[in-house]
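K.L.:
Contents of query.cif (mmCIF, C-alpha atoms) are below:
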data_run
#
loop_
_atom_site.label_atom_id
_atom_site.label_comp_id
_atom_site.auth_asym_id
_atom_site.auth_seq_id
_atom_site.Cartn_x
_atom_site.Cartn_y
_atom_site.Cartn_z
CA MET I 754 43.04 -81.72 -93.87
CA LYS I 755 44.75 -81.36 -90.50
CA VAL I 756 48.24 -79.90 -90.26
CA TYR I 757 50.56 -80.57 -87.32
CA PHE I 758 53.76 -78.69 -86.46
CA PHE I 759 56.22 -79.77 -83.77
CA LEU I 760 58.47 -76.95 -82.56
CA GLY I 761 61.27 -76.83 -80.05
CA LYS I 762 64.97 -76.36 -79.36
CA GLY I 763 67.46 -78.59 -81.13
CA GLY I 764 67.82 -82.01 -79.49
CA VAL I 765 64.54 -82.07 -77.54
CA GLY I 766 63.10 -84.92 -79.61
CA LYS I 767 60.96 -83.14 -82.22
CA THR I 768 61.74 -85.74 -84.87
CA THR I 769 60.85 -88.71 -82.65
CA VAL I 770 57.60 -87.08 -81.53
CA SER I 771 56.58 -86.07 -85.08
CA ALA I 772 57.46 -89.50 -86.42
CA ALA I 773 55.50 -91.24 -83.63
CA TRP I 774 52.58 -88.83 -84.10
CA SER I 775 52.41 -89.45 -87.85
CA ALA I 776 52.66 -93.22 -87.32
CA GLY I 777 49.75 -92.98 -84.87
CA LEU I 778 47.60 -90.94 -87.26
CA ALA I 779 48.30 -93.40 -90.08
CA GLU I 780 47.44 -96.30 -87.79
CA SER I 781 44.10 -94.65 -86.98
CA GLY I 782 43.28 -94.75 -90.71
CA LEU I 783 44.24 -91.21 -91.77
CA LYS I 784 46.28 -90.94 -94.94
CA THR I 785 49.30 -89.09 -93.51
CA LEU I 786 52.38 -87.35 -94.85
CA VAL I 787 55.26 -86.56 -92.52
CA ALA I 788 57.67 -83.94 -93.88
CA SER I 789 60.96 -82.91 -92.35
CA ILE I 790 61.68 -79.25 -93.11
CA ASP I 791 64.61 -79.20 -90.71
CA PRO I 792 67.85 -78.80 -92.73
CA ALA I 793 69.47 -81.29 -90.30
CA HIS I 794 67.22 -84.22 -91.17
CA ASN I 795 66.93 -87.41 -89.16
CA LEU I 796 63.39 -88.50 -89.92
CA GLY I 797 64.86 -91.46 -91.78
CA ASP I 798 66.71 -92.52 -88.58
CA ALA I 799 63.43 -92.52 -86.63
CA PHE I 800 61.70 -94.71 -89.22
CA ALA I 801 64.85 -96.77 -89.75
CA VAL I 802 64.61 -96.31 -93.52
CA ARG I 803 66.40 -94.06 -95.96
CA ILE I 804 64.14 -91.10 -96.81
CA GLY I 805 65.00 -88.67 -99.60
CA ASP I 806 63.63 -85.42 -100.95
CA ARG I 807 60.90 -87.22 -102.91
CA ILE I 808 57.76 -88.39 -101.13
CA MET I 809 58.05 -92.10 -100.36
CA HIS I 810 55.87 -94.73 -98.78
CA VAL I 811 57.07 -95.78 -95.32
CA GLY I 812 54.06 -97.66 -93.98
CA ASP I 813 50.34 -98.27 -94.33
CA ASN I 814 48.67 -94.88 -94.93
CA LEU I 815 52.01 -93.22 -94.25
CA ASP I 816 54.34 -91.30 -96.60
CA ALA I 817 57.46 -89.36 -95.66
CA VAL I 818 59.82 -86.82 -97.19
CA GLU I 819 62.93 -84.94 -96.12
CA VAL I 820 62.89 -81.58 -97.90
CA ASN I 821 66.24 -80.37 -99.21
CA ILE I 822 65.82 -76.63 -98.64
CA GLU I 823 69.09 -75.72 -100.41
CA ASP I 824 68.02 -77.62 -103.53
CA MET I 825 64.63 -75.92 -103.37
CA ILE I 826 66.27 -72.49 -103.25
CA ARG I 827 68.57 -73.38 -106.16
CA ALA I 828 65.71 -74.79 -108.27
CA TYR I 829 63.51 -71.78 -107.52
CA LEU I 830 66.22 -69.27 -108.44
CA ASP I 831 67.09 -71.18 -111.63
CA ASP I 832 63.44 -71.14 -112.62
CA LEU I 833 63.17 -67.44 -111.80
CA SER I 834 66.30 -66.68 -113.80
CA ALA I 835 64.95 -68.55 -116.85
CA LYS I 836 61.61 -66.75 -116.52
CA MET I 837 63.37 -63.39 -116.40
CA LYS I 838 65.56 -64.12 -119.39
CA ASN I 839 62.48 -65.15 -121.40
CA THR I 840 60.46 -62.13 -120.38
CA TYR I 841 63.13 -59.54 -121.01
CA ARG I 842 65.68 -60.10 -123.71
CA TYR I 843 67.56 -56.94 -122.75
CA LEU I 844 68.23 -58.10 -119.21
CA SER I 845 71.76 -59.24 -119.99
CA ALA I 846 72.75 -55.58 -119.61
CA MET I 847 71.66 -55.78 -115.96
CA ASN I 848 74.16 -58.48 -115.00
CA ILE I 849 71.34 -60.67 -113.76
CA ASP I 850 73.65 -63.48 -112.66
CA GLY I 851 75.19 -61.06 -110.18
CA TYR I 852 71.76 -60.48 -108.64
CA PHE I 853 71.18 -64.21 -108.23
CA ASP I 854 74.51 -64.73 -106.53
CA ILE I 855 73.37 -62.19 -103.93
CA LEU I 856 69.89 -63.67 -103.68
CA LYS I 857 71.17 -67.15 -102.87
CA ASN I 858 72.64 -65.71 -99.67
CA SER I 859 69.98 -63.13 -99.09
CA PRO I 860 68.63 -62.95 -95.51
CA GLY I 861 65.27 -64.66 -95.28
CA ILE I 862 65.67 -66.86 -98.35
CA GLU I 863 65.74 -70.04 -96.25
CA GLU I 864 62.58 -69.05 -94.36
CA TYR I 865 60.95 -68.20 -97.68
CA ALA I 866 61.85 -71.58 -99.19
CA THR I 867 60.61 -73.35 -96.03
CA MET I 868 57.30 -71.49 -96.24
CA GLU I 869 57.02 -72.47 -99.91
CA ALA I 870 57.67 -76.12 -98.93
CA ILE I 871 54.87 -75.97 -96.32
CA LYS I 872 52.55 -74.39 -98.90
CA LYS I 873 53.39 -77.11 -101.40
CA PHE I 874 52.73 -80.04 -99.04
CA VAL I 875 49.56 -78.56 -97.57
CA ALA I 876 48.18 -78.12 -101.10
CA LEU I 877 48.74 -81.80 -101.94
CA LYS I 878 45.54 -83.70 -102.58
CA GLY I 879 44.91 -87.09 -101.07
CA TYR I 880 46.22 -86.59 -97.52
CA ASP I 881 44.06 -86.31 -94.40
CA ALA I 882 46.96 -85.06 -92.28
CA VAL I 883 50.37 -83.50 -92.83
CA VAL I 884 52.90 -83.55 -89.99
CA PHE I 885 55.90 -81.19 -90.09
CA ASP I 886 59.13 -81.87 -88.24
CA THR I 887 60.48 -78.33 -88.06
CA PRO I 888 63.88 -76.64 -87.80
CA PRO I 889 64.90 -75.26 -84.37
CA THR I 890 62.55 -72.70 -82.85
CA GLY I 891 63.87 -69.33 -84.08
CA MET I 892 63.58 -70.18 -87.75
CA THR I 893 60.22 -71.94 -87.40
CA ILE I 894 58.71 -68.93 -85.65
CA ARG I 895 59.99 -66.69 -88.43
CA VAL I 896 58.44 -69.06 -91.01
CA LEU I 897 55.09 -69.17 -89.20
CA ALA I 898 55.13 -65.37 -88.84
CA MET I 899 56.15 -64.80 -92.44
CA PRO I 900 52.67 -64.72 -94.07
CA ARG I 901 51.47 -62.04 -91.64
CA VAL I 902 54.64 -59.93 -91.97
CA SER I 903 54.75 -60.34 -95.77
CA LEU I 904 51.11 -59.31 -95.95
CA LEU I 905 51.88 -55.97 -94.30
CA TRP I 906 54.50 -55.29 -96.98
CA THR I 907 52.35 -56.59 -99.83
CA ASP I 908 49.42 -54.37 -98.80
CA GLN I 909 51.66 -51.30 -98.71
CA LEU I 910 53.30 -52.14 -102.05
CA ILE I 911 49.87 -52.61 -103.64
CA LYS I 912 48.90 -49.12 -102.43
CA MET I 913 52.11 -47.67 -103.93
CA ARG I 914 51.55 -49.53 -107.18
CA LYS I 915 48.00 -48.19 -107.45
CA ARG I 916 49.43 -44.69 -107.15
CA ILE I 917 52.03 -45.35 -109.85
CA LEU I 918 49.36 -46.71 -112.19
CA SER I 919 47.11 -43.75 -111.51
CA THR I 920 49.96 -41.34 -112.37
CA ARG I 921 50.66 -43.36 -115.52
CA GLY I 922 46.96 -43.07 -116.33
CA MET I 923 47.19 -39.25 -116.14
CA VAL I 924 50.02 -39.24 -118.69
CA GLU I 925 48.12 -41.74 -120.84
CA ASN I 926 44.99 -39.54 -120.85
CA VAL I 927 46.90 -36.66 -122.41
CA GLN I 928 49.47 -38.47 -124.53
CA GLY I 929 47.91 -41.80 -125.41
CA LYS I 930 49.61 -45.14 -124.69
CA PHE I 931 52.48 -44.76 -122.24
CA GLU I 932 55.74 -45.77 -123.85
CA ALA I 933 59.09 -45.96 -122.14
CA GLU I 934 62.57 -46.91 -123.16
CA VAL I 935 64.11 -49.72 -121.15
CA ASP I 936 67.69 -50.57 -122.10
CA GLY I 937 67.22 -49.35 -125.65
CA GLU I 938 63.84 -51.00 -126.30
CA ARG I 939 60.51 -49.22 -126.58
CA VAL I 940 58.03 -50.81 -124.20
CA VAL I 941 54.32 -49.98 -123.85
CA LEU I 942 53.42 -49.74 -120.18
CA SER I 943 49.84 -50.19 -119.11
CA SER I 944 48.08 -48.13 -116.49
CA SER I 945 45.44 -50.80 -115.98
CA GLU I 946 45.72 -52.85 -112.78
CA LYS I 947 44.68 -55.96 -114.68
CA GLU I 948 47.45 -55.55 -117.26
CA ASP I 949 50.27 -54.51 -114.94
CA PRO I 950 52.30 -57.67 -114.20
CA ILE I 951 53.71 -56.32 -110.91
CA MET I 952 50.21 -55.53 -109.63
CA GLN I 953 48.98 -58.95 -110.74
CA GLU I 954 51.89 -60.68 -109.02
CA LEU I 955 51.37 -58.70 -105.80
CA VAL I 956 47.62 -59.38 -105.75
CA SER I 957 48.01 -63.12 -106.34
CA TYR I 958 50.82 -63.35 -103.76
CA ARG I 959 48.56 -61.53 -101.28
CA GLU I 960 45.87 -64.17 -101.81
CA GLU I 961 48.39 -67.00 -101.21
CA LEU I 962 49.70 -65.31 -98.08
CA ARG I 963 46.20 -64.75 -96.71
CA ALA I 964 45.36 -68.42 -97.25
CA LEU I 965 48.53 -69.50 -95.44
CA ARG I 966 48.05 -67.01 -92.58
CA ASP I 967 44.46 -68.20 -92.10
CA MET I 968 45.58 -71.83 -92.24
CA PHE I 969 48.25 -71.29 -89.53
CA SER I 970 45.67 -69.72 -87.19
CA SER I 971 42.81 -72.07 -88.10
CA GLU I 972 41.26 -74.91 -86.11
CA GLN I 973 42.79 -77.36 -88.59
CA SER I 974 46.32 -76.34 -87.71
CA TYR I 975 47.90 -77.87 -84.58
CA VAL I 976 51.08 -76.17 -83.43
CA ASN I 977 52.75 -78.18 -80.67
CA ILE I 978 55.90 -77.68 -78.64
CA VAL I 979 58.35 -80.42 -77.70
CA THR I 980 60.43 -79.48 -74.70
CA MET I 981 62.46 -80.84 -71.79
CA ALA I 982 62.38 -80.38 -68.03
CA GLU I 983 65.11 -77.74 -67.90
CA ASP I 984 64.99 -74.10 -66.95
CA LEU I 985 66.23 -72.88 -70.35
CA ALA I 986 63.70 -75.06 -72.16
CA LEU I 987 60.91 -73.70 -69.94
CA PHE I 988 61.90 -70.10 -70.75
CA GLU I 989 62.02 -70.92 -74.43
CA THR I 990 58.62 -72.64 -74.30
CA LYS I 991 57.08 -69.55 -72.73
CA ARG I 992 58.73 -67.35 -75.34
CA ILE I 993 57.40 -69.53 -78.20
CA ILE I 994 53.85 -69.35 -76.82
CA GLU I 995 54.13 -65.58 -76.45
CA SER I 996 55.61 -64.88 -79.89
CA LEU I 997 53.19 -67.19 -81.67
CA GLY I 998 50.35 -65.52 -79.76
CA THR I 999 51.28 -62.16 -81.28
CA PHE I 1000 50.75 -63.74 -84.70
CA LYS I 1001 47.44 -65.26 -83.53
CA ILE I 1002 48.82 -68.81 -83.64
CA ARG I 1003 47.66 -70.98 -80.75
CA VAL I 1004 49.86 -73.69 -79.21
CA ARG I 1005 47.74 -76.82 -78.66
CA THR I 1006 49.92 -79.29 -76.74
CA ILE I 1007 53.29 -79.30 -75.00
CA PHE I 1008 55.15 -82.59 -75.04
CA LEU I 1009 57.46 -82.72 -72.05
CA ASN I 1010 60.16 -85.10 -73.15
CA LYS I 1011 63.16 -86.98 -71.78
CA PHE I 1012 62.77 -86.48 -68.02
CA PHE I 1013 63.83 -89.10 -65.49
CA ALA I 1014 60.96 -91.16 -64.09
CA MET I 1015 62.24 -93.96 -61.89
CA ALA I 1016 61.21 -95.48 -58.60
CA ASN I 1017 64.65 -95.89 -57.00
CA PRO I 1018 67.06 -93.50 -58.68
CA PRO I 1019 70.81 -93.86 -58.03
CA GLU I 1020 72.33 -91.27 -55.72
CA GLU I 1021 74.29 -89.59 -58.56
CA ILE I 1022 71.19 -88.37 -60.40
CA LYS I 1023 68.92 -87.58 -57.46
CA GLY I 1024 69.84 -83.87 -57.67
CA LYS I 1025 69.03 -83.76 -61.38
CA ILE I 1026 65.69 -85.47 -60.79
CA GLU I 1027 64.74 -82.95 -58.09
CA GLU I 1028 65.68 -80.10 -60.43
CA GLN I 1029 63.53 -81.63 -63.19
CA GLU I 1030 60.58 -82.09 -60.83
CA GLY I 1031 60.83 -78.41 -59.88
CA VAL I 1032 60.78 -77.33 -63.53
CA ILE I 1033 57.85 -79.64 -64.33
CA LYS I 1034 55.87 -78.23 -61.37
CA ARG I 1035 56.60 -74.65 -62.49
CA MET I 1036 55.78 -75.46 -66.12
CA LYS I 1037 52.39 -76.87 -65.20
CA ALA I 1038 51.66 -73.93 -62.90
CA GLU I 1039 52.90 -71.15 -65.17
CA ILE I 1040 51.58 -72.38 -68.51
CA ARG I 1041 47.82 -72.53 -68.30
CA GLY I 1042 45.25 -73.52 -70.87
CA ILE I 1043 47.65 -75.72 -72.83
CA GLU I 1044 47.66 -79.48 -72.35
CA VAL I 1045 51.03 -80.90 -71.21
CA LYS I 1046 51.82 -84.51 -72.07
CA ASP I 1047 54.66 -86.36 -70.39
CA ILE I 1048 57.13 -88.53 -72.25
CA PRO I 1049 59.73 -89.79 -69.75
CA LEU I 1050 63.23 -90.72 -70.84
CA LEU I 1051 62.93 -94.05 -72.64
CA ARG I 1052 65.30 -96.93 -72.12
CA LYS I 1053 66.03 -96.92 -75.83
CA SER I 1054 65.34 -94.42 -78.62
CA PRO I 1055 62.43 -95.74 -80.69
CA ARG I 1056 63.39 -96.87 -84.19
CA GLY I 1057 60.96 -98.11 -86.83
CA ILE I 1058 57.18 -97.89 -87.06
CA ASP I 1059 56.39 -100.52 -84.38
CA GLU I 1060 58.46 -98.79 -81.70
CA LEU I 1061 57.13 -95.37 -82.73
CA LEU I 1062 53.56 -96.68 -82.50
CA HIS I 1063 54.32 -97.94 -79.01
CA VAL I 1064 55.45 -94.41 -77.99
CA TYR I 1065 52.35 -92.94 -79.63
CA SER I 1066 49.87 -95.20 -77.85
CA LYS I 1067 51.63 -95.04 -74.49
CA TYR I 1068 52.45 -91.32 -74.23
CA LEU I 1069 51.08 -89.15 -77.05
CA VAL I 1070 47.38 -89.95 -77.42
CA MET F 578 47.18 -27.24 -152.12
CA ARG F 579 47.01 -30.80 -150.82
CA ARG F 580 50.73 -30.71 -150.03
CA LEU F 581 50.24 -27.46 -148.14
CA LEU F 582 47.36 -28.98 -146.14
CA ASP F 583 49.46 -32.07 -145.39
CA SER F 584 52.38 -30.05 -144.15
CA LEU F 585 50.04 -27.87 -142.07
CA LYS F 586 48.49 -31.02 -140.60
CA LYS F 587 51.94 -32.38 -139.86
CA SER F 588 53.11 -29.21 -138.16
CA PHE F 589 49.91 -29.07 -136.06
CA LYS F 590 50.50 -32.67 -135.05
CA THR F 591 54.07 -31.89 -134.01
CA PHE F 592 52.87 -28.80 -132.17
CA ASP F 593 50.14 -30.85 -130.45
CA LYS F 594 52.63 -33.56 -129.49
CA GLY F 595 55.02 -30.94 -128.10
CA MET F 596 52.25 -29.30 -126.07
CA ARG F 597 51.10 -32.64 -124.70
CA GLU F 598 54.63 -33.63 -123.76
CA ASP F 599 55.14 -30.27 -122.11
CA ALA F 600 51.87 -30.61 -120.22
CA THR F 601 52.81 -34.02 -118.85
CA SER F 602 56.50 -33.41 -118.20
CA LEU F 603 55.97 -32.68 -114.49
CA ILE F 604 53.67 -35.68 -114.07
CA ARG F 605 56.30 -37.81 -115.82
CA LYS F 606 58.90 -36.59 -113.35
CA GLN F 607 56.52 -37.48 -110.50
CA LEU F 608 55.98 -40.91 -112.08
CA ASP F 609 59.75 -41.41 -112.35
CA GLU F 610 60.09 -40.52 -108.68
CA GLU F 611 57.29 -42.92 -107.65
CA GLU F 612 58.81 -45.74 -109.68
CA ASN F 613 62.23 -44.97 -108.27
CA ILE F 614 60.91 -45.16 -104.69
CA PHE F 615 59.09 -48.41 -105.49
CA ALA F 616 62.31 -49.89 -106.87
CA LEU F 617 64.40 -48.62 -103.95
CA LEU F 618 61.94 -50.13 -101.49
CA THR F 619 61.75 -53.51 -103.17
CA MET F 620 65.26 -53.83 -104.61
CA GLY F 621 67.03 -51.99 -101.77
CA VAL F 622 68.49 -55.27 -100.55
CA PHE F 623 71.11 -54.89 -103.30
CA SER F 624 72.29 -51.60 -101.85
CA GLY F 625 71.84 -52.32 -98.16
CA ILE F 626 68.44 -50.68 -97.63
CA PRO F 627 66.00 -52.71 -95.46
CA SER F 628 63.73 -54.55 -97.79
CA PRO F 629 60.47 -56.49 -97.78
CA PRO F 630 60.54 -60.22 -97.03
CA THR F 631 62.49 -62.03 -99.74
CA GLY F 632 59.33 -63.81 -100.94
CA VAL F 633 57.68 -60.55 -101.98
CA VAL F 634 60.83 -59.39 -103.79
CA LEU F 635 61.28 -62.69 -105.62
CA ARG F 636 57.70 -62.69 -106.84
CA ILE F 637 57.88 -59.28 -108.50
CA LEU F 638 61.55 -59.39 -109.57
CA PRO F 639 60.89 -60.73 -113.10
CA HIS F 640 58.70 -57.70 -113.84
CA MET F 641 60.86 -55.02 -112.29
CA SER F 642 63.20 -54.18 -115.18
CA ARG F 643 61.52 -50.82 -115.90
CA GLU F 644 61.75 -49.76 -112.24
CA ILE F 645 65.34 -50.99 -111.93
CA SER F 646 66.25 -49.03 -115.02
CA VAL F 647 64.60 -45.87 -113.59
CA MET F 648 66.41 -46.44 -110.28
CA THR F 649 69.76 -46.90 -112.04
CA ARG F 650 69.20 -43.77 -114.13
CA ARG F 651 68.18 -41.74 -111.08
CA SER F 652 71.18 -42.96 -109.07
CA ALA F 653 73.51 -42.03 -111.93
CA GLY F 654 72.17 -38.47 -111.86
CA LEU F 655 72.33 -38.08 -108.10
CA ASP F 656 75.60 -36.13 -108.24
CA ASP F 657 73.78 -33.32 -110.06
CA VAL F 658 70.48 -33.00 -108.23
CA PHE F 659 70.56 -29.20 -108.51
CA ALA F 660 70.72 -29.28 -112.33
CA GLN F 661 67.94 -31.86 -112.38
CA THR F 662 65.69 -29.65 -110.27
CA LEU F 663 66.40 -26.62 -112.44
CA GLY F 664 65.71 -28.74 -115.52
CA THR F 665 62.36 -29.81 -114.11
CA PHE F 666 61.27 -26.18 -113.86
CA ASP F 667 62.76 -25.17 -117.25
CA ILE F 668 65.31 -22.79 -115.74
CA ASP F 669 68.41 -22.43 -117.91
#
So, in terms of structure tokens, how does the structure I just supplied come out?
P.N.:
Amino acid sequence: MKVYFFLGKGGVGKTTVSAAWSAGLAESGLKTLVASIDPAHNLGDAFAVRIGDRIMHVGDNLDAVEVNIEDMIRAYLDDLSAKMKNTYRYLSAMNIDGYFDILKNSPGIEEYATMEAIKKFVALKGYDAVVFDTPPTGMTIRVLAMPRVSLLWTDQLIKMRKRILSTRGMVENVQGKFEAEVDGERVVLSSSEKEDPIMQELVSYREELRALRDMFSSEQSYVNIVTMAEDLALFETKRIIESLGTFKIRVRTIFLNKFFAMANPPEEIKGKIEEQEGVIKRMKAEIRGIEVKDIPLLRKSPRGIDELLHVYSKYLV
Amino acid sequence: MRRLLDSLKKSFKTFDKGMREDATSLIRKQLDEEENIFALLTMGVFSGIPSPPTGVVLRILPHMSREISVMTRRSAGLDDVFAQTLGTFDID
């Protein structure tokens, strides 16, 4: 399965490019899913149909979904809360609801939920390609970096856990099964790595993170940037390439969008056109080794599969 | 005679248990400390300490009640660290 990400500042045309790209892939015969993980969705506007948070069919070989990240967070925390209440009956003493109120607003929860959404869609069977329309740059970079950063923590926590279990083992060797009192209940704690639920959880999470990290840096993953012919956009593009590079994620294509391309421009916009030409020249000179594709400002924003396919065949392929 | 043997057995058992508990008391303290640090590192977000990415915390949270309870107990005793240290080394 091939996975495509389209990154860029807000308003550069990520949604249009991802929608056109997915329509093109579907047209070429690949069973494709296009998923918007941007909290400000407008994938439905590009396809000119109403798209919800359940996968729906929008064309031949083409499905689409707009992920509701807030709902995902709520559902995940509800599930977690139920799991905790089932596992530990004495948790009521810990004021668990208070913890969840904090967690809902905890820094990083949105990035975590977005990463979980990516994991979920990439694991779906039956698709040849998944295209992600992403949130604005900063958050997407944090999401793409998350597996690598989380792995550093998980590795360290596994080391600490091993030490705890080894110390527990020492007590167990002298005293027999290690019992402890937690909120008035006697609980037998195991010193075996296979029986310790925290160790098990950390090890299985490490495996999931490794798979995701490898997928993001693999040949099957295509991270692309959508940008415009403006100085600020050029700086941001260079920053994206650099930060993704530190996480070993390669940018494949830059889509240079929405620049003026006209034979006889009116006097009023000549200055703007010259400025854009300067930026385009610098972009092509300063960013090497990455293909740049031009998508000039269109007369009309493409709406619906036919118009998106036109954009795909004319500018994206 | 049997009763005498039983009570001897019982007192040896108690003595043995006491000795074993005494022998492991320092290791238990070390274990408490390790579990406390683990909890502080992973649950520190609740008290403003920099914490691992939320995903890691959420995954282990359902199994952390023992560590949270150790952390809470240790925090409650933080105003009397001196007494705790003396207690660890059996100094009255």
K.L.:
Under the PyMOL selection byres ((chain F) within 7 of (chain I)), which residues of this model are included? Write them out as a list of chain:residue names.
P.N.:
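After applying the PyMOL selection byres ((chain F) within 7 of (chain I)), what remains is F:Arg597, F:Thr601, F:Ile604, F:Leu608, F:Glu611, F:Glu612, F:Pro629, F:Pro630, F:Thr631, F:Gly632, F:Val633, F:Arg636, F:Ile637, F:Pro639, F:His640, F:Arg643, F:Ser646.
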K.L.:
Can you translate the PyMOL selection byres ((chain I and resi 976) around 10) into the concrete residues it hits in this file, as a list in words?
P.N.:
Val756, Tyr757, Phe758, Phe759, Leu760, Phe885, Leu897, Phe969, Ser970, Gln973, Ser974, Tyr975, Asn977, Ile978, Ile994, Leu997, Ile1002, Arg1003, Val1004, Arg1005, Thr1006 and Ile1007 of chain I
K.L.:
Take the residues just selected and output them with C-alpha atoms as a PDB file, keeping the file's coordinate frame.
P.N.:
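Printed below is result05.pdb as written:
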ATOM      1  CA  VAL I 756      48.240 -79.900 -90.260  1.00  0.00           C
ATOM      2  CA  TYR I 757      50.560 -80.570 -87.320  1.00  0.00           C
ATOM      3  CA  PHE I 758      53.760 -78.690 -86.460  1.00  0.00           C
ATOM      4  CA  PHE I 759      56.220 -79.770 -83.770  1.00  0.00           C
ATOM      5  CA  LEU I 760      58.470 -76.950 -82.560  1.00  0.00           C
ATOM      6  CA  PHE I 885      55.900 -81.190 -90.090  1.00  0.00           C
ATOM      7  CA  LEU I 897      55.090 -69.170 -89.200  1.00  0.00           C
ATOM      8  CA  PHE I 969      48.250 -71.290 -89.530  1.00  0.00           C
ATOM      9  CA  SER I 970      45.670 -69.720 -87.190  1.00  0.00           C
ATOM     10  CA  GLN I 973      42.790 -77.360 -88.590  1.00  0.00           C
ATOM     11  CA  SER I 974      46.320 -76.340 -87.710  1.00  0.00           C
ATOM     12  CA  TYR I 975      47.900 -77.870 -84.580  1.00  0.00           C
ATOM     13  CA  ASN I 977      52.750 -78.180 -80.670  1.00  0.00           C
ATOM     14  CA  ILE I 978      55.900 -77.680 -78.640  1.00  0.00           C
ATOM     15  CA  ILE I 994      53.850 -69.350 -76.820  1.00  0.00           C
ATOM     16  CA  LEU I 997      53.190 -67.190 -81.670  1.00  0.00           C
ATOM     17  CA  ILE I1002      48.820 -68.810 -83.640  1.00  0.00           C
ATOM     18  CA  ARG I1003      47.660 -70.980 -80.750  1.00  0.00           C
ATOM     19  CA  VAL I1004      49.860 -73.690 -79.210  1.00  0.00           C
ATOM     20  CA  ARG I1005      47.740 -76.820 -78.660  1.00  0.00           C
ATOM     21  CA  THR I1006      49.920 -79.290 -76.740  1.00  0.00           C
ATOM     22  CA  ILE I1007      53.290 -79.300 -75.000  1.00  0.00           C
TER      23      ILE I1007
END
K.L.:
Excluding stretch 1016-1030 of chain I and its own-chain neighbours fewer than 6 positions away, which residues fall within 12 Å of it when counting only C-alpha atoms? Please give them as a ChimeraX atom specification.
P.N.:
/I:981-987,1009-1010,1036-1037,1049-1050
K.L.:
Would you work out the distance separating atom CA of F:Arg605 from atom CA of F:Ser652, expressed in Å to one decimal?
P.N.:
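That distance, rounded to one decimal, is 17.1 Å.
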K.L.:
Which residues fall under the PyMOL selection byres ((chain I and resi 879) around 12) in this file, as JSON, numbers by chain?
P.N.:
{"I": [754, 783, 784, 785, 786, 814, 815, 816, 874, 875, 876, 877, 878, 880, 881, 882, 883]}
K.L.:
How far is it from atom CA of F:Arg651 to atom CA of F:Leu635, in Å with one decimal?
P.N.:
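Computed distance, atom CA of F:Arg651 to atom CA of F:Leu635, equals 22.7 Å.
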K.L.:
Could you check how far atom CA of I:Lys762 sits from atom CA of I:Glu1044, in Å to one decimal?
P.N.:
18.9 Å
K.L.:
Return the single residue from I:Gly777, I:His1063, I:Arg807, I:Phe988 that is closest to I:Glu1039, with distances computed using all atoms listed in the file.
P.N.:
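Smallest separation from I:Glu1039 among the options: I:Phe988.
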K.L.:
Pick out the residues sitting within 7 Å of F:Thr619, and hand them over as JSON, numbers by chain; count only C-alpha atoms, and ignore anything fewer than 2 positions along from it in its own chain.
P.N.:
{"F": [615, 616, 617, 621, 628, 629, 634]}
K.L.:
Could you list, as a CSV table (one decimal) with C-alpha atoms, in the frame of the given file, every residue within 10 Å of I:His794, counting all atoms listed in the file and ignoring same-chain residues fewer than 5 positions away?
P.N.:
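Output file part_28.csv is given in full below:
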chain,number,residue,atom,x,y,z
I,768,THR,CA,61.7,-85.7,-84.9
I,788,ALA,CA,57.7,-83.9,-93.9
I,789,SER,CA,61.0,-82.9,-92.4
I,804,ILE,CA,64.1,-91.1,-96.8
I,805,GLY,CA,65.0,-88.7,-99.6
I,818,VAL,CA,59.8,-86.8,-97.2
I,819,GLU,CA,62.9,-84.9,-96.1
I,820,VAL,CA,62.9,-81.6,-97.9
I,821,ASN,CA,66.2,-80.4,-99.2
I,886,ASP,CA,59.1,-81.9,-88.2
I,887,THR,CA,60.5,-78.3,-88.1
I,888,PRO,CA,63.9,-76.6,-87.8
